[in-house]
file coords01.txt (compact mmCIF, C-alpha atoms)
# COMPACT_ATOMS: atom_id res chain seq x y z
CA MET A 1 -35.27 -3.18 31.72
CA SER A 2 -34.10 -1.72 28.47
CA PHE A 3 -33.08 -3.52 25.29
CA PHE A 4 -31.10 -0.63 23.85
CA PRO A 5 -27.34 -0.11 24.28
CA ALA A 6 -26.53 1.88 27.44
CA SER A 7 -25.51 5.11 25.71
CA LEU A 8 -28.66 5.09 23.57
CA GLU A 9 -30.78 4.34 26.63
CA LYS A 10 -29.19 7.28 28.44
CA LEU A 11 -30.07 9.61 25.57
CA VAL A 12 -33.65 8.29 25.56
CA GLU A 13 -33.87 9.03 29.29
CA LYS A 14 -32.53 12.55 28.79
CA PHE A 15 -35.15 13.30 26.16
CA ALA A 16 -37.85 11.70 28.30
CA SER A 17 -36.90 14.06 31.16
CA LEU A 18 -37.98 17.05 29.05
CA PRO A 19 -41.44 18.46 29.77
CA GLY A 20 -44.19 16.93 27.62
CA VAL A 21 -41.95 14.25 26.13
CA GLY A 22 -43.04 10.67 26.88
CA ARG A 23 -40.89 7.58 26.54
CA LYS A 24 -42.11 6.74 23.02
CA SER A 25 -41.40 10.25 21.74
CA ALA A 26 -38.04 10.22 23.53
CA GLN A 27 -37.12 7.03 21.64
CA ARG A 28 -38.10 8.65 18.37
CA LEU A 29 -35.99 11.72 19.14
CA ALA A 30 -32.99 9.61 20.21
CA PHE A 31 -33.17 7.56 17.00
CA HIS A 32 -33.35 10.79 15.06
CA VAL A 33 -30.14 11.98 16.74
CA LEU A 34 -28.43 8.71 15.73
CA SER A 35 -29.48 9.39 12.14
CA LEU A 36 -27.76 12.81 12.15
CA SER A 37 -24.23 13.27 10.85
CA ASP A 38 -21.47 13.45 13.48
CA ALA A 39 -21.16 17.19 12.90
CA GLU A 40 -24.89 17.79 13.29
CA ALA A 41 -25.02 15.79 16.53
CA GLN A 42 -21.99 17.68 17.84
CA ASP A 43 -23.69 20.92 16.87
CA PHE A 44 -26.83 19.95 18.79
CA ALA A 45 -24.80 19.09 21.87
CA SER A 46 -22.89 22.36 21.80
CA ALA A 47 -26.12 24.33 21.27
CA ILE A 48 -27.19 22.99 24.67
CA THR A 49 -23.98 23.83 26.51
CA GLU A 50 -23.62 27.21 24.78
CA ALA A 51 -27.17 28.32 25.51
CA LYS A 52 -26.76 27.19 29.10
CA SER A 53 -23.41 28.92 29.63
CA LYS A 54 -24.04 32.12 27.66
CA VAL A 55 -27.66 32.99 28.36
CA HIS A 56 -28.31 34.94 31.58
CA ALA A 57 -30.55 37.75 32.80
CA CYS A 58 -29.95 41.29 31.50
CA ARG A 59 -28.51 43.45 34.30
CA ILE A 60 -31.21 46.08 33.73
CA CYS A 61 -34.45 44.39 32.61
CA GLN A 62 -33.82 40.75 33.67
CA ASN A 63 -34.75 39.52 30.19
CA LEU A 64 -32.62 36.67 28.84
CA THR A 65 -29.57 37.82 26.93
CA ASP A 66 -26.10 36.65 25.99
CA THR A 67 -24.58 40.10 26.39
CA GLU A 68 -24.27 41.96 29.71
CA VAL A 69 -27.09 44.37 28.86
CA CYS A 70 -29.73 43.11 26.40
CA GLY A 71 -30.28 44.48 22.91
CA ILE A 72 -33.44 46.35 23.90
CA CYS A 73 -31.99 48.04 27.01
CA SER A 74 -28.85 49.07 25.10
CA SER A 75 -30.71 50.34 22.02
CA PRO A 76 -30.74 54.15 21.57
CA ASN A 77 -34.12 53.80 19.80
CA ARG A 78 -35.94 52.48 22.87
CA ASP A 79 -37.46 54.75 25.49
CA PRO A 80 -36.12 53.81 28.96
CA SER A 81 -38.73 55.98 30.71
CA THR A 82 -41.51 53.53 29.77
CA VAL A 83 -41.15 50.05 31.26
CA CYS A 84 -43.46 47.19 30.32
CA VAL A 85 -43.55 44.58 33.10
CA VAL A 86 -44.08 40.98 31.93
CA ALA A 87 -43.97 37.63 33.67
CA ASP A 88 -41.83 35.78 31.16
CA PRO A 89 -39.21 36.26 28.41
CA LYS A 90 -41.71 34.69 25.98
CA ASP A 91 -44.04 37.63 26.67
CA VAL A 92 -41.30 40.04 25.54
CA ALA A 93 -41.02 38.06 22.31
CA ALA A 94 -44.82 38.23 21.85
CA ILE A 95 -44.97 42.01 22.34
CA GLU A 96 -41.91 42.58 20.12
CA ARG A 97 -43.60 40.62 17.35
CA ALA A 98 -46.36 43.27 17.28
CA ARG A 99 -43.64 45.87 16.34
CA GLU A 100 -45.62 48.58 18.12
CA TYR A 101 -43.95 49.07 21.49
CA LYS A 102 -40.93 51.37 21.66
CA GLY A 103 -40.27 51.37 25.42
CA THR A 104 -38.23 48.91 27.48
CA TYR A 105 -39.17 45.86 29.56
CA HIS A 106 -38.87 44.33 32.96
CA VAL A 107 -39.15 40.54 33.16
CA LEU A 108 -40.40 39.20 36.50
CA HIS A 109 -39.62 35.53 35.74
CA GLY A 110 -42.88 34.41 37.30
CA VAL A 111 -45.97 35.74 39.04
CA ILE A 112 -46.99 35.80 42.69
CA SER A 113 -48.76 32.50 43.30
CA PRO A 114 -49.48 31.53 46.91
CA LEU A 115 -50.79 28.12 45.78
CA ASN A 116 -47.40 27.32 44.24
CA ARG A 117 -45.60 28.96 47.18
CA ILE A 118 -44.23 31.74 44.97
CA GLY A 119 -44.11 34.98 46.96
CA PRO A 120 -43.01 38.50 45.94
CA ASP A 121 -39.41 37.71 46.92
CA ASP A 122 -39.26 34.74 44.56
CA ILE A 123 -39.69 36.82 41.40
CA ARG A 124 -37.71 39.87 40.19
CA ILE A 125 -39.81 42.57 41.88
CA LYS A 126 -36.97 44.00 43.96
CA GLU A 127 -34.96 44.65 40.77
CA LEU A 128 -37.93 46.61 39.36
CA VAL A 129 -38.30 48.70 42.53
CA ASP A 130 -34.54 49.44 42.51
CA ARG A 131 -34.78 50.48 38.87
CA VAL A 132 -37.71 52.83 39.54
CA SER A 133 -36.06 54.27 42.67
CA GLU A 134 -32.99 55.20 40.63
CA GLY A 135 -35.24 57.60 38.70
CA GLY A 136 -35.84 58.14 34.98
CA VAL A 137 -38.87 55.84 34.80
CA GLU A 138 -42.13 57.67 34.09
CA GLU A 139 -44.57 54.91 33.24
CA ILE A 140 -44.86 51.28 34.22
CA ILE A 141 -47.16 49.22 31.97
CA MET A 142 -48.27 46.09 33.83
CA ALA A 143 -48.57 43.40 31.16
CA THR A 144 -48.99 40.28 33.27
CA ASN A 145 -51.68 37.84 32.09
CA PRO A 146 -55.32 38.71 32.87
CA ASP A 147 -55.74 35.76 35.26
CA THR A 148 -55.92 35.71 39.07
CA GLU A 149 -52.18 35.45 39.59
CA GLY A 150 -51.33 38.02 36.93
CA GLU A 151 -53.88 40.47 38.36
CA THR A 152 -52.62 39.95 41.91
CA THR A 153 -49.04 40.54 40.81
CA ALA A 154 -50.01 43.68 38.89
CA LYS A 155 -51.92 45.08 41.90
CA TYR A 156 -49.10 44.21 44.32
CA ILE A 157 -46.48 45.93 42.18
CA SER A 158 -48.62 49.01 41.53
CA ARG A 159 -49.11 49.47 45.31
CA LEU A 160 -45.38 49.01 45.86
CA LEU A 161 -44.51 51.67 43.27
CA ARG A 162 -47.08 54.24 44.44
CA PRO A 163 -44.56 56.06 46.78
CA PHE A 164 -42.29 56.79 43.79
CA GLY A 165 -45.01 58.80 42.02
CA VAL A 166 -44.59 56.80 38.83
CA LYS A 167 -47.62 56.28 36.56
CA VAL A 168 -48.71 52.63 36.57
CA THR A 169 -50.98 51.45 33.74
CA ARG A 170 -52.42 48.09 32.76
CA LEU A 171 -52.72 46.60 29.26
CA ALA A 172 -56.25 46.86 27.81
CA TYR A 173 -58.17 43.59 27.97
CA GLY A 174 -61.25 42.92 25.86
CA ILE A 175 -62.57 41.13 22.82
CA PRO A 176 -59.63 39.89 20.73
CA MET A 177 -59.40 41.31 17.21
CA GLY A 178 -61.30 39.21 14.69
CA ALA A 179 -63.20 37.33 17.39
CA SER A 180 -66.95 37.15 17.62
CA LEU A 181 -68.92 38.70 20.52
CA GLU A 182 -71.14 35.63 20.50
CA PHE A 183 -68.35 33.37 21.64
CA ALA A 184 -66.59 35.73 24.06
CA ASP A 185 -66.65 34.53 27.68
CA ASP A 186 -68.39 36.60 30.37
CA ALA A 187 -65.21 37.84 32.05
CA THR A 188 -63.80 39.09 28.75
CA LEU A 189 -67.08 40.80 27.85
CA MET A 190 -67.17 42.48 31.26
CA ARG A 191 -63.60 43.72 30.81
CA ALA A 192 -64.41 44.93 27.30
CA LEU A 193 -67.41 46.92 28.62
CA GLU A 194 -65.45 48.39 31.52
CA GLY A 195 -62.68 49.44 29.15
CA ARG A 196 -64.97 51.03 26.54
CA ARG A 197 -63.69 54.16 24.86
CA GLU A 198 -65.24 57.03 22.94
CA ILE A 199 -64.85 56.81 19.18
CA MET B 1 -36.90 37.55 13.22
CA SER B 2 -36.26 36.27 16.69
CA PHE B 3 -36.40 38.18 19.96
CA PHE B 4 -34.29 35.70 21.91
CA PRO B 5 -30.52 35.90 22.37
CA ALA B 6 -28.65 34.15 19.55
CA SER B 7 -27.48 31.14 21.55
CA LEU B 8 -31.00 30.53 22.90
CA GLU B 9 -32.43 30.94 19.41
CA LYS B 10 -29.96 28.37 18.11
CA LEU B 11 -31.03 25.87 20.76
CA VAL B 12 -34.70 26.49 19.90
CA GLU B 13 -33.89 25.81 16.23
CA LYS B 14 -32.09 22.60 17.13
CA PHE B 15 -35.06 21.31 19.09
CA ALA B 16 -37.43 22.43 16.32
CA SER B 17 -35.42 20.35 13.82
CA LEU B 18 -36.37 17.17 15.70
CA PRO B 19 -39.24 15.16 14.21
CA GLY B 20 -42.65 16.10 15.63
CA VAL B 21 -41.37 19.12 17.56
CA GLY B 22 -42.89 22.44 16.49
CA ARG B 23 -41.51 25.88 17.23
CA LYS B 24 -43.64 26.40 20.36
CA SER B 25 -42.59 23.04 21.85
CA ALA B 26 -38.99 23.74 20.89
CA GLN B 27 -39.15 27.00 22.87
CA ARG B 28 -40.56 25.18 25.85
CA LEU B 29 -37.78 22.56 25.67
CA ALA B 30 -35.07 25.20 25.28
CA PHE B 31 -36.35 27.13 28.30
CA HIS B 32 -36.38 23.87 30.22
CA VAL B 33 -32.72 23.34 29.36
CA LEU B 34 -31.93 26.85 30.66
CA SER B 35 -33.63 25.92 33.93
CA LEU B 36 -31.37 22.86 34.41
CA SER B 37 -28.22 23.03 36.50
CA ASP B 38 -24.93 23.42 34.61
CA ALA B 39 -24.08 19.78 35.34
CA GLU B 40 -27.45 18.51 34.08
CA ALA B 41 -27.19 20.53 30.86
CA GLN B 42 -23.63 19.26 30.34
CA ASP B 43 -24.89 15.74 30.95
CA PHE B 44 -27.61 16.16 28.33
CA ALA B 45 -25.11 17.46 25.78
CA SER B 46 -22.71 14.58 26.38
CA ALA B 47 -25.55 12.04 26.18
CA ILE B 48 -26.03 13.23 22.60
CA THR B 49 -22.38 13.04 21.59
CA GLU B 50 -21.81 9.74 23.42
CA ALA B 51 -24.82 8.02 21.89
CA LYS B 52 -23.82 9.30 18.47
CA SER B 53 -20.17 8.23 18.80
CA LYS B 54 -20.65 4.93 20.64
CA VAL B 55 -23.76 3.42 19.10
CA HIS B 56 -23.26 1.51 15.85
CA ALA B 57 -24.58 -1.64 14.18
CA CYS B 58 -23.65 -5.05 15.61
CA ARG B 59 -21.21 -6.79 13.27
CA ILE B 60 -23.42 -9.90 13.22
CA CYS B 61 -27.08 -8.90 13.50
CA GLN B 62 -26.94 -5.16 12.60
CA ASN B 63 -28.89 -4.25 15.74
CA LEU B 64 -27.73 -1.09 17.51
CA THR B 65 -25.03 -1.71 20.10
CA ASP B 66 -22.18 0.07 21.83
CA THR B 67 -19.96 -3.02 21.86
CA GLU B 68 -18.52 -4.68 18.74
CA VAL B 69 -20.94 -7.60 18.92
CA CYS B 70 -24.28 -6.94 20.63
CA GLY B 71 -25.37 -8.50 23.92
CA ILE B 72 -27.80 -10.89 22.24
CA CYS B 73 -25.36 -12.17 19.59
CA SER B 74 -22.62 -12.66 22.19
CA SER B 75 -24.86 -14.36 24.78
CA PRO B 76 -24.26 -18.12 25.24
CA ASN B 77 -27.95 -18.46 26.15
CA ARG B 78 -29.23 -17.42 22.73
CA ASP B 79 -29.62 -19.86 19.86
CA PRO B 80 -27.72 -18.56 16.79
CA SER B 81 -29.38 -21.13 14.52
CA THR B 82 -32.73 -19.28 14.74
CA VAL B 83 -32.71 -15.76 13.34
CA CYS B 84 -35.68 -13.43 13.67
CA VAL B 85 -35.62 -10.78 10.90
CA VAL B 86 -37.09 -7.40 11.86
CA ALA B 87 -37.21 -4.01 10.16
CA ASP B 88 -36.13 -1.86 13.07
CA PRO B 89 -34.17 -1.93 16.37
CA LYS B 90 -37.43 -0.94 18.12
CA ASP B 91 -38.92 -4.25 16.95
CA VAL B 92 -36.11 -6.13 18.71
CA ALA B 93 -36.97 -4.23 21.90
CA ALA B 94 -40.67 -5.14 21.45
CA ILE B 95 -39.98 -8.87 21.01
CA GLU B 96 -37.46 -8.90 23.87
CA ARG B 97 -40.09 -7.40 26.15
CA ALA B 98 -42.23 -10.51 25.60
CA ARG B 99 -39.36 -12.57 27.17
CA GLU B 100 -40.30 -15.57 25.03
CA TYR B 101 -37.84 -15.64 22.17
CA LYS B 102 -34.45 -17.31 22.71
CA GLY B 103 -32.96 -17.08 19.21
CA THR B 104 -31.03 -14.20 17.67
CA TYR B 105 -32.04 -11.32 15.39
CA HIS B 106 -31.25 -9.66 12.14
CA VAL B 107 -32.18 -5.98 11.83
CA LEU B 108 -32.85 -4.79 8.26
CA HIS B 109 -33.00 -1.07 9.13
CA GLY B 110 -35.95 -0.53 6.85
CA VAL B 111 -38.23 -2.40 4.45
CA ILE B 112 -38.34 -2.53 0.67
CA SER B 113 -40.53 0.39 -0.39
CA PRO B 114 -40.57 1.34 -4.08
CA LEU B 115 -42.72 4.40 -3.33
CA ASN B 116 -40.00 5.76 -1.03
CA ARG B 117 -37.27 4.60 -3.44
CA ILE B 118 -35.96 2.05 -0.94
CA GLY B 119 -34.78 -1.02 -2.80
CA PRO B 120 -33.28 -4.32 -1.53
CA ASP B 121 -29.76 -2.81 -1.63
CA ASP B 122 -30.74 0.06 0.65
CA ILE B 123 -31.48 -2.18 3.65
CA ARG B 124 -29.30 -4.83 5.31
CA ILE B 125 -30.39 -7.83 3.23
CA LYS B 126 -26.91 -8.62 1.89
CA GLU B 127 -25.63 -8.99 5.48
CA LEU B 128 -28.41 -11.52 6.16
CA VAL B 129 -27.62 -13.52 3.03
CA ASP B 130 -23.91 -13.54 3.94
CA ARG B 131 -24.78 -14.74 7.42
CA VAL B 132 -26.97 -17.56 6.11
CA SER B 133 -24.40 -18.55 3.47
CA GLU B 134 -21.76 -18.96 6.19
CA GLY B 135 -23.89 -21.81 7.56
CA GLY B 136 -25.21 -22.59 11.04
CA VAL B 137 -28.60 -20.90 10.51
CA GLU B 138 -31.52 -23.34 10.46
CA GLU B 139 -34.58 -21.13 10.68
CA ILE B 140 -35.31 -17.57 9.60
CA ILE B 141 -38.43 -16.06 11.21
CA MET B 142 -39.65 -13.13 9.10
CA ALA B 143 -41.08 -10.64 11.58
CA THR B 144 -41.60 -7.58 9.41
CA ASN B 145 -44.90 -5.76 9.88
CA PRO B 146 -48.02 -7.25 8.27
CA ASP B 147 -48.44 -4.38 5.82
CA THR B 148 -47.71 -4.24 2.08
CA GLU B 149 -44.08 -3.26 2.45
CA GLY B 150 -43.41 -5.71 5.27
CA GLU B 151 -45.04 -8.55 3.31
CA THR B 152 -43.11 -7.67 0.15
CA THR B 153 -39.83 -7.60 2.07
CA ALA B 154 -40.62 -10.94 3.74
CA LYS B 155 -41.45 -12.59 0.40
CA TYR B 156 -38.39 -11.12 -1.31
CA ILE B 157 -36.05 -12.37 1.40
CA SER B 158 -37.64 -15.84 1.57
CA ARG B 159 -37.13 -16.24 -2.20
CA LEU B 160 -33.54 -15.05 -1.87
CA LEU B 161 -32.80 -17.59 0.87
CA ARG B 162 -34.46 -20.57 -0.82
CA PRO B 163 -31.19 -21.80 -2.47
CA PHE B 164 -29.59 -22.18 0.97
CA GLY B 165 -32.21 -24.72 2.07
CA VAL B 166 -32.92 -22.76 5.26
CA LYS B 167 -36.44 -22.92 6.75
CA VAL B 168 -38.17 -19.53 6.44
CA THR B 169 -41.23 -18.90 8.64
CA ARG B 170 -43.48 -15.90 9.19
CA LEU B 171 -44.87 -14.62 12.50
CA ALA B 172 -48.51 -15.61 13.10
CA TYR B 173 -50.95 -12.78 12.46
CA GLY B 174 -54.49 -12.82 13.77
CA ILE B 175 -56.83 -11.40 16.39
CA PRO B 176 -54.76 -9.67 19.09
CA MET B 177 -55.07 -11.15 22.60
CA GLY B 178 -57.87 -9.57 24.59
CA ALA B 179 -59.43 -8.00 21.50
CA SER B 180 -62.98 -8.56 20.36
CA LEU B 181 -63.88 -10.31 17.08
CA GLU B 182 -66.60 -7.76 16.56
CA PHE B 183 -64.12 -4.94 16.10
CA ALA B 184 -61.43 -6.82 14.18
CA ASP B 185 -60.89 -5.55 10.64
CA ASP B 186 -61.51 -7.79 7.63
CA ALA B 187 -57.85 -8.31 6.75
CA THR B 188 -57.02 -9.40 10.30
CA LEU B 189 -60.02 -11.74 10.41
CA MET B 190 -58.98 -13.27 7.13
CA ARG B 191 -55.43 -13.82 8.42
CA ALA B 192 -56.82 -15.29 11.62
CA LEU B 193 -58.98 -17.75 9.66
CA GLU B 194 -56.15 -18.72 7.32
CA GLY B 195 -53.85 -19.30 10.26
CA ARG B 196 -56.34 -21.38 12.29
CA ARG B 197 -54.86 -24.28 14.23
CA GLU B 198 -56.24 -27.49 15.73
CA ILE B 199 -56.78 -27.33 19.49
call {"tool": "encode", "arguments": {"input": "coords01.txt", "output": "structure tokens"}}
result
Amino acid sequence: MSFFPASLEKLVEKFASLPGVGRKSAQRLAFHVLSLSDAEAQDFASAITEAKSKVHACRICQNLTDTEVCGICSSPNRDPSTVCVVADPKDVAAIERAREYKGTYHVLHGVISPLNRIGPDDIRIKELVDRVSEGGVEEIIMATNPDTEGETTAKYISRLLRPFGVKVTRLAYGIPMGASLEFADDATLMRALEGRREI
Amino acid sequence: MSFFPASLEKLVEKFASLPGVGRKSAQRLAFHVLSLSDAEAQDFASAITEAKSKVHACRICQNLTDTEVCGICSSPNRDPSTVCVVADPKDVAAIERAREYKGTYHVLHGVISPLNRIGPDDIRIKELVDRVSEGGVEEIIMATNPDTEGETTAKYISRLLRPFGVKVTRLAYGIPMGASLEFADDATLMRALEGRREI
């Protein structure tokens, strides 16, 4: 039973339904909303409906966008012949932050994960194959995470793309910059040794 | 610079403006909203505007309500001659959960706190004095927190109400139920000794 007015209780429940937000935090957030001005609260509410109604997948790369084709795919400064394949829109943001990559992306929206019943048809692999089969793509950089599911997905996709004669590469994995060898885990050290390069 | 579409970025910013929500959590929450159905997202947005527009202070006790007079003040089963004074609507919820108290409340919406520049006029003390001066109130139970600010507020209000001849009491403070003496702090032990009762 709740001791808050119904409309406040409903807002608390909505916040509590968000991932990682417990009932106590949800109360705190709801009280914060009550402390906002009417305009600010209205602005918050419309941010939710606007994001939900406007944001969709880019027709080409499947990244989130509020235009038909995303800013990266439509930019004349980006090389459409190099496609970096990532699991998630947040990975695009991470790579863009490095300001190094000048190619385009393909967002899978997930990885193959038999344990979670996510098969190849549940993520945007078909869209990638279609894109490659249309021609113009020379290199696919698999940038899924270096964990079991990310590796499996990368291997699956590289096998699938072999018939098209496109070059498939994988991001380099090794000791992170600034880290100490002493504290690197075995798997990372192994990958760093395997990936050694002449200097 | 952001690498998300503008409307998604705006939603992330809105979540990040909530207390205790950092940018990473805000991203997670915004992506969760995108994963909701249109109806669920709409429902979330209207929960915000509804709570903001409907919830206001009860005319009598200043607790949050979405009716003119709150459920407790308007209930024939509650004794309006006993008024429990609390700092916050959450305190009303806490006391109600104990299902013991049958009187009514007065919510101050804060405590006197010179350090935070909150004086007696910044919280709902005047409304309490008006209520007592109208007559019908026999006992005021001061239930502010047992910290410096709560104590100061309780003392200030009890002095203010003295001319009206109303009985002013304070909640009992002592060892919490189920706790061990060994781990009780000095201040609590002192309060527990002071407040000892014959059995």
call {"tool": "closest_atom_pairs", "arguments": {"input": "coords01.txt", "of": "chain A", "to": "chain B", "cutoff": "9 Å", "atoms": "all atoms listed in the file", "output": "CSV"}}
result
residue,atom,partner,partner_atom,distance
A:Met1,CA,B:Arg97,CA,8.5
A:Ser2,CA,B:Ala93,CA,7.6
A:Phe3,CA,B:Ala93,CA,5.2
A:Phe4,CA,B:Ala93,CA,7.2
A:Pro5,CA,B:Thr65,CA,5.0
A:Ala6,CA,B:Asp66,CA,7.3
A:Ser7,CA,B:Ala51,CA,4.9
A:Leu8,CA,B:Ala51,CA,5.1
A:Glu9,CA,B:Ala51,CA,8.5
A:Lys10,CA,B:Ala47,CA,6.4
A:Leu11,CA,B:Ala47,CA,5.2
A:Val12,CA,B:Ala47,CA,8.9
A:Lys14,CA,B:Phe44,CA,6.1
A:Phe15,CA,B:Phe44,CA,8.4
A:Leu18,CA,B:Leu29,CA,6.5
A:Pro19,CA,B:Leu29,CA,6.9
A:Gly20,CA,B:Ser25,CA,8.6
A:Ser25,CA,B:Gly20,CA,8.6
A:Gln27,CA,B:Lys90,CA,8.7
A:Arg28,CA,B:Pro19,CA,7.8
A:Leu29,CA,B:Leu18,CA,6.5
A:Ala30,CA,B:Ile48,CA,8.2
A:His32,CA,B:Leu18,CA,7.1
A:Val33,CA,B:Lys52,CA,7.1
A:Leu34,CA,B:Lys52,CA,5.4
A:Ser35,CA,B:Lys52,CA,8.5
A:Leu36,CA,B:Lys52,CA,8.2
A:Ser37,CA,B:Lys52,CA,8.6
A:Asp38,CA,B:Lys52,CA,6.9
A:Ala41,CA,B:Thr49,CA,6.3
A:Gln42,CA,B:Thr49,CA,6.0
A:Asp43,CA,B:Lys14,CA,8.6
A:Phe44,CA,B:Lys14,CA,6.1
A:Ala45,CA,B:Ala45,CA,4.2
A:Ser46,CA,B:Ala45,CA,6.7
A:Ala47,CA,B:Leu11,CA,5.2
A:Ile48,CA,B:Ala45,CA,6.0
A:Thr49,CA,B:Gln42,CA,6.0
A:Glu50,CA,B:Ser7,CA,6.4
A:Ala51,CA,B:Ser7,CA,4.9
A:Lys52,CA,B:Leu34,CA,5.4
A:Ser53,CA,B:Asp38,CA,7.6
A:Lys54,CA,B:Ser7,CA,7.1
A:Val55,CA,B:Leu8,CA,6.9
A:His56,CA,B:Leu34,CA,8.9
A:Leu64,CA,B:Pro5,CA,6.8
A:Thr65,CA,B:Pro5,CA,5.0
A:Asp66,CA,B:Pro5,CA,5.8
A:Thr67,CA,B:Pro5,CA,8.3
A:Cys70,CA,B:Pro5,CA,8.3
A:Gly71,CA,B:Pro5,CA,8.6
A:Pro89,CA,B:Phe4,CA,8.2
A:Lys90,CA,B:Phe4,CA,8.5
A:Val92,CA,B:Phe3,CA,7.7
A:Ala93,CA,B:Phe3,CA,5.2
A:Ala94,CA,B:Phe3,CA,8.6
A:Glu96,CA,B:Phe3,CA,7.1
A:Arg97,CA,B:Phe3,CA,8.0
call {"tool": "write_last_selection", "arguments": {"input": "coords01.txt", "atoms": "C-alpha atoms", "output": "short mmCIF file (atom, residue, chain, number, x, y, z; two decimals), keeping the file's coordinate frame"}}
result
data_model
loop_
_atom_site.label_atom_id
_atom_site.label_comp_id
_atom_site.auth_asym_id
_atom_site.auth_seq_id
_atom_site.Cartn_x
_atom_site.Cartn_y
_atom_site.Cartn_z
CA MET A 1 -35.27 -3.18 31.72
CA SER A 2 -34.10 -1.72 28.47
CA PHE A 3 -33.08 -3.52 25.29
CA PHE A 4 -31.10 -0.63 23.85
CA PRO A 5 -27.34 -0.11 24.28
CA ALA A 6 -26.53 1.88 27.44
CA SER A 7 -25.51 5.11 25.71
CA LEU A 8 -28.66 5.09 23.57
CA GLU A 9 -30.78 4.34 26.63
CA LYS A 10 -29.19 7.28 28.44
CA LEU A 11 -30.07 9.61 25.57
CA VAL A 12 -33.65 8.29 25.56
CA LYS A 14 -32.53 12.55 28.79
CA PHE A 15 -35.15 13.30 26.16
CA LEU A 18 -37.98 17.05 29.05
CA PRO A 19 -41.44 18.46 29.77
CA GLY A 20 -44.19 16.93 27.62
CA SER A 25 -41.40 10.25 21.74
CA GLN A 27 -37.12 7.03 21.64
CA ARG A 28 -38.10 8.65 18.37
CA LEU A 29 -35.99 11.72 19.14
CA ALA A 30 -32.99 9.61 20.21
CA HIS A 32 -33.35 10.79 15.06
CA VAL A 33 -30.14 11.98 16.74
CA LEU A 34 -28.43 8.71 15.73
CA SER A 35 -29.48 9.39 12.14
CA LEU A 36 -27.76 12.81 12.15
CA SER A 37 -24.23 13.27 10.85
CA ASP A 38 -21.47 13.45 13.48
CA ALA A 41 -25.02 15.79 16.53
CA GLN A 42 -21.99 17.68 17.84
CA ASP A 43 -23.69 20.92 16.87
CA PHE A 44 -26.83 19.95 18.79
CA ALA A 45 -24.80 19.09 21.87
CA SER A 46 -22.89 22.36 21.80
CA ALA A 47 -26.12 24.33 21.27
CA ILE A 48 -27.19 22.99 24.67
CA THR A 49 -23.98 23.83 26.51
CA GLU A 50 -23.62 27.21 24.78
CA ALA A 51 -27.17 28.32 25.51
CA LYS A 52 -26.76 27.19 29.10
CA SER A 53 -23.41 28.92 29.63
CA LYS A 54 -24.04 32.12 27.66
CA VAL A 55 -27.66 32.99 28.36
CA HIS A 56 -28.31 34.94 31.58
CA LEU A 64 -32.62 36.67 28.84
CA THR A 65 -29.57 37.82 26.93
CA ASP A 66 -26.10 36.65 25.99
CA THR A 67 -24.58 40.10 26.39
CA CYS A 70 -29.73 43.11 26.40
CA GLY A 71 -30.28 44.48 22.91
CA PRO A 89 -39.21 36.26 28.41
CA LYS A 90 -41.71 34.69 25.98
CA VAL A 92 -41.30 40.04 25.54
CA ALA A 93 -41.02 38.06 22.31
CA ALA A 94 -44.82 38.23 21.85
CA GLU A 96 -41.91 42.58 20.12
CA ARG A 97 -43.60 40.62 17.35
#
call {"tool": "residues_near_point", "arguments": {"input": "coords01.txt", "point": "(-57.8, -9.0, 11.9)", "cutoff": "12 Å", "atoms": "only C-alpha atoms", "output": "PDB file with C-alpha atoms, in the coordinates of the input"}}
result
ATOM      1  CA  PRO B 146     -48.020  -7.250   8.270  1.00  0.00           C
ATOM      2  CA  ALA B 172     -48.510 -15.610  13.100  1.00  0.00           C
ATOM      3  CA  TYR B 173     -50.950 -12.780  12.460  1.00  0.00           C
ATOM      4  CA  GLY B 174     -54.490 -12.820  13.770  1.00  0.00           C
ATOM      5  CA  ILE B 175     -56.830 -11.400  16.390  1.00  0.00           C
ATOM      6  CA  PRO B 176     -54.760  -9.670  19.090  1.00  0.00           C
ATOM      7  CA  MET B 177     -55.070 -11.150  22.600  1.00  0.00           C
ATOM      8  CA  ALA B 179     -59.430  -8.000  21.500  1.00  0.00           C
ATOM      9  CA  SER B 180     -62.980  -8.560  20.360  1.00  0.00           C
ATOM     10  CA  LEU B 181     -63.880 -10.310  17.080  1.00  0.00           C
ATOM     11  CA  GLU B 182     -66.600  -7.760  16.560  1.00  0.00           C
ATOM     12  CA  PHE B 183     -64.120  -4.940  16.100  1.00  0.00           C
ATOM     13  CA  ALA B 184     -61.430  -6.820  14.180  1.00  0.00           C
ATOM     14  CA  ASP B 185     -60.890  -5.550  10.640  1.00  0.00           C
ATOM     15  CA  ASP B 186     -61.510  -7.790   7.630  1.00  0.00           C
ATOM     16  CA  ALA B 187     -57.850  -8.310   6.750  1.00  0.00           C
ATOM     17  CA  THR B 188     -57.020  -9.400  10.300  1.00  0.00           C
ATOM     18  CA  LEU B 189     -60.020 -11.740  10.410  1.00  0.00           C
ATOM     19  CA  MET B 190     -58.980 -13.270   7.130  1.00  0.00           C
ATOM     20  CA  ARG B 191     -55.430 -13.820   8.420  1.00  0.00           C
ATOM     21  CA  ALA B 192     -56.820 -15.290  11.620  1.00  0.00           C
ATOM     22  CA  LEU B 193     -58.980 -17.750   9.660  1.00  0.00           C
ATOM     23  CA  GLU B 194     -56.150 -18.720   7.320  1.00  0.00           C
ATOM     24  CA  GLY B 195     -53.850 -19.300  10.260  1.00  0.00           C
TER      25      GLY B 195
END
call {"tool": "atom_distance", "arguments": {"input": "coords01.txt", "atom1": "CA of Gly119 in chain B", "atom2": "CA of Val86 in chain B"}}
result
16.2 Å
